[in-house]
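Colleague: Sharing a structure below in structure tokens format, with a few things to ask.
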Amino acid sequence: MPDFIKTVFNYIKQSELLKVVSLTGIATVIKFITGFFSLKAIAILIGPDGVALVGQAVNFSTILLTISTGGITFGIVKLIADNSDNPERLNKIIETSITFVLVCSIIAGFIVIFLSDYLSEKFFNDVQYNYVFIIFGSTLIFYSLNITILGVLNGLRKYREFVWVNISNSIFGLIITILFVYFFGLGGALVSAISYQSFAFVITFIIIRRNNEIRIKFISYIYNIKILKQLLSYSLMSLTSAIVIPTSQIIVRSLAMEKFSAVEAGYWEAINRFSVLSMGFFTTTLGVYYLPALSKTKDNIELKSVIISTSRIILPMVLVFLSITFIARDLVIELLYSKDFYPMKSLFVWQLSGDFIRIAAWMLSFIFLAKTMTKQFVITELIFPIIFVLNSIILMNLTNSIEGISQAYLINKILYLITMILLFKKTLWNSTNGLS
């Protein structure tokens, strides 16, 4: 065997990133397949207008999930990764996290139930769907615990368990979605979109309890104030990102429904959902491997090494995938949705270009989270969703079509990447050892 091939083979064999990519790849393929069938069921049974309302539900659940966890998920991953060799402190971090999430999710759940009529009218333009929010509020505690456990597994680098839980959740979510949509129509689609991870907690709980190496006390009522303060240092970043971005999408989707129709808004939601689903492989890898790896770097040399080595693998993979997707976009629409969604074909060039730039920008923006750069992170997360909304309004008016939103998305990601490059210019090109 030639030396070059041996070198490449040994690199692949020894690369932790590629091992993680392989594991998360399995989970993501299954998630993509289950997501494919879920999208197909929703598209066929309730159409583009129903897809738009499901998008409203998904964005709302994202906001409430972050509130119900207090926004500490990234903090859990970082603190556990940093203290993996300290069992006593590790237990305190996990116990404090669980206790805090329990309190936040109970309070948030009661508020959602109390405001169910208002929320139904606000998001779905009809009070008849108030039961969706009552169910969501009642099960929010399990939704929050499910995500918290995934954060613990991520921080512990229990990649196999992390992947297995995600696979189980994906399959369970597919079953719930198909059953609910088939038997209850649009209402069932809304309930499944907003609550399936709450039901999936049962599966997660069983998997965790059967693993003797992982000890998580769900009812400990123990917290450490110093650890809680450390966790909350990430709260503002997570809350900002998880509230502002979905809110901007809700605003844009609502404006599109008013200016054009729910069907037109459904086309944009369809391409948006496809982006989330298809980019899941890469974003999962960044969260599982890249964030903990960045967190452990001590100086600029290590930081640049992690960024470059990860980018060399991730970015070419993203480019190849998106290129194939664009070429086969007719097939993608027919497979994922139905012929009713063919008008969304014109959105692909803008959306896929924006997706590639988004991943490239994230390779840098993760430094905010890894190095707890709260001020910079919050400012950028506030500014760019606002720019997206304003650009969407302008371009929807200029083009008089839903295509203006996807164009605004691309412009937003280009501006975001430029900003990241400028912000981290000194860090990336500084030859000194200290992090600047």
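Labeling convention for the structure tokens: chains A, B, ... as they appear, residues from 1 per chain, ligands from 1 in order of appearance.
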Do a neighbour search on Ser68 (chain A) at 10 Å with only C-alpha atoms, toss out local chain neighbours closer than 6 positions, and write the hits as a list in words.
Modeller: Thr62, Phe100, Val101, Leu102, Val103, Cys104, Ser105, Ile106, Ile107, Ala108, Gly109, Leu140, Ile141, Tyr143, Ser144 and Leu145 of chain A
Colleague: Would you list the contacts of region 290-294 of chain A as a PyMOL selection string, taking every protein, DNA or RNA residue within 9 Å and counting only C-alpha atoms, but skipping same-chain residues closer than 4 positions in sequence?
Modeller: chain A and resi 17+74+77-78+81-82+154-155+157+285-286+298+302-303+306-307+310+363+366-367+369-371
Colleague: What lies within 12 Å of region 122-132 of chain A using only C-alpha atoms, ignoring chain neighbours under 6 positions off, as number ranges by chain?
Modeller: A: 49-61, 112-116, 138-140, 184, 186-196, 247, 250-251, 253-254, 257-258, 262
